[in-house]
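First the structure, in the form of structure tokens, and then the observations on it.
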Amino acid sequence: MIWRASVLTLFPAMFPGPLGTSLAGRAMERDLWSLESRDIRGFATDRHRTVDDTPFGGGAGMVMRPDIVDAALSGFDDGRPMIYLTPRGRPLTQPRVRALAAGPGVVLLCGRYEGVDERVIAARGLEEVSIGDYILSGGEPAALVLLDACVRLLPGVMGAAESADEESFAAGLLEYPHYTRPAIWQERAVPEVLLSGHHAAVAAWRRAEAERVTRERRPDLWAKYHSQSATGAVAPAPLAP
Ligand code: SAH
């Protein structure tokens with residue numbers, strides 16, 4: 001069965017956008033996944049097609065109405081996770097992306113203004129997901145990010161040349177550095193071990209580099225990786241064949 005993405009947005013013209021090109025676009029043409037966008041404004045009931053209103057309690061900005069958002073979500077309760085993209089959500093991680101890619105697809109709700117009325121989040125049991133600790137003007141770029149991360153993992157989308165097994169986060173570490181030709185560029189040489197042809201030595205160097213980079217740049221990931229490998233909860237995955 002085809003992996004289905006449905007996006008609820010006030011700006012349907014933003015989709016598929018960048019996902020219509022390159023890897024994701026080719027995968028869509030090959031029917032490995034599908035994308036439909038639904039205009040939330042189509043569910044407004046008044047003459048002016050209003051979707052938002054002022055916040056109870058006062059304050060700046062507008063809030064998307066629960067009745068309109070709920071109507072826009074109707075018909076999508078088909079077992080796919082329903083996700084509201086919001087900076088208040090759980091940060092998106094590669095394990096969550098992997099789980100979503102392994103499922104039937106997603107229904108994504110993109111907010112605008114100050115966001116959506118809390119009651120429709122509760123009534124629909126929406127999963128709240130953030131793509132990072134910063135504020136976008138709308139959920140649409142966040143939806144594109146989530147979909148890009150999922151689609152590349154769908155079976156048949158990436159070739160062997162683009163394997164996902166070794167990349168950052170696959171083993172709980174950031175990835176080791178990459179080098180290609182020329183072997184010397186602006187007087188900078190490639191690390192010698194990579195030219196040695198010794199596969200075991202290359203693998204050991206890559207693992208050491210992955211650990212160094214993770215330790216230096218992401219103490220949070222390093223602590224997690226360390227505690228998990230110390231308790232044997234996860235065996236460190238090989239970084240190279
Ligand atoms: N007032 C809100 C921000 C609203 S931003 C707050 O302070 O939490 C408007 C919309 O953009 C949100 O409803 C959400 O759908 C989207 N958005 C903004 N930043 C996001 C992020 N980091 N991750 C996911 N969605 C985000």
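Chain labels follow the order of the structure tokens: the first chain is A, the next B, and so on; residue numbering restarts at 1 in every chain, and ligands are counted from 1 in their shown order.
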Nearby polymer residues, ligand 1, at most 10 Å, only C-alpha atoms and all ligand atoms, as an NGL selection string: :A and (9 or 60-64 or 84-92 or 108-117 or 128-143 or 145-146)
Who sits within 10 Å of Arg119 (chain A), only C-alpha atoms, same chain under 5 positions skipped, as a list in words: Arg65, Pro66, Asp67, Asp70, Arg124 and Gly125 of chain A
All strand (DSSP E or B) positions in chain A, as a PyMOL selection string: chain A and resi 3-9+33-39+52-53+63-64+82-91+105-110+116+127-130+184-185+188-189
Minimum-distance residue to Ser229 (chain A), chosen among A:Met28, A:Val213, A:Ala189, A:Ala171 (using only C-alpha atoms): A:Ala171
Test item: residues at most 7 Å from Pro104 (chain A), only C-alpha atoms, excluding those fewer than 4 positions along its chain, as a PyMOL selection string: chain A and resi 3-4+80
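The coordinates place CA of Leu19 (chain A) at 27.0 Å from CA of Gly172 (chain A).
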Sel. of helix (DSSP H, G or I) residues, region 31-194 of chain A, as an MDAnalysis selection string: chainID A and resid 40:43 66:73 94:102 118:123 140:151 160:162 192:194
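For the residues A:Met158, A:Gly59, A:Pro81, A:Ala122, ranking by smallest atom-to-atom distance to Ala99 (chain A) using only C-alpha atoms places A:Pro81 first.
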Nearest residue to Leu32 (chain A) from the set A:Phe11, A:Trp185, A:Ala203, A:Val151 (distances using only C-alpha atoms): A:Val151
Exercise: Leu144 (chain A) partners within 10 Å, only C-alpha atoms, chain neighbours under 6 positions left out, as a list in words: Val7, Met14, Phe15, Pro16, Gly17, Pro18, Leu19, Leu108 and Cys150 of chain A
Just-selected residues, C-alpha atoms written as a compact mmCIF listing (two decimals), in the first residue's frame:
```
# COMPACT_ATOMS: atom_id res chain seq x y z
CA VAL A 7 -1.71 18.13 4.78
CA MET A 14 3.03 25.46 -0.74
CA PHE A 15 2.66 21.71 -1.49
CA PRO A 16 4.30 19.63 -2.81
CA GLY A 17 6.75 22.54 -3.26
CA PRO A 18 10.31 21.27 -2.89
CA LEU A 19 9.00 17.72 -2.40
CA LEU A 108 -0.38 16.88 9.19
CA CYS A 150 10.04 10.19 6.16
```
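CA of Gly159 (chain A) sits 13.8 Å away from CA of Arg30 (chain A).
Pairwise distance (CA of Glu192 (chain A), CA of Ala164 (chain A)) equals 25.7 Å.
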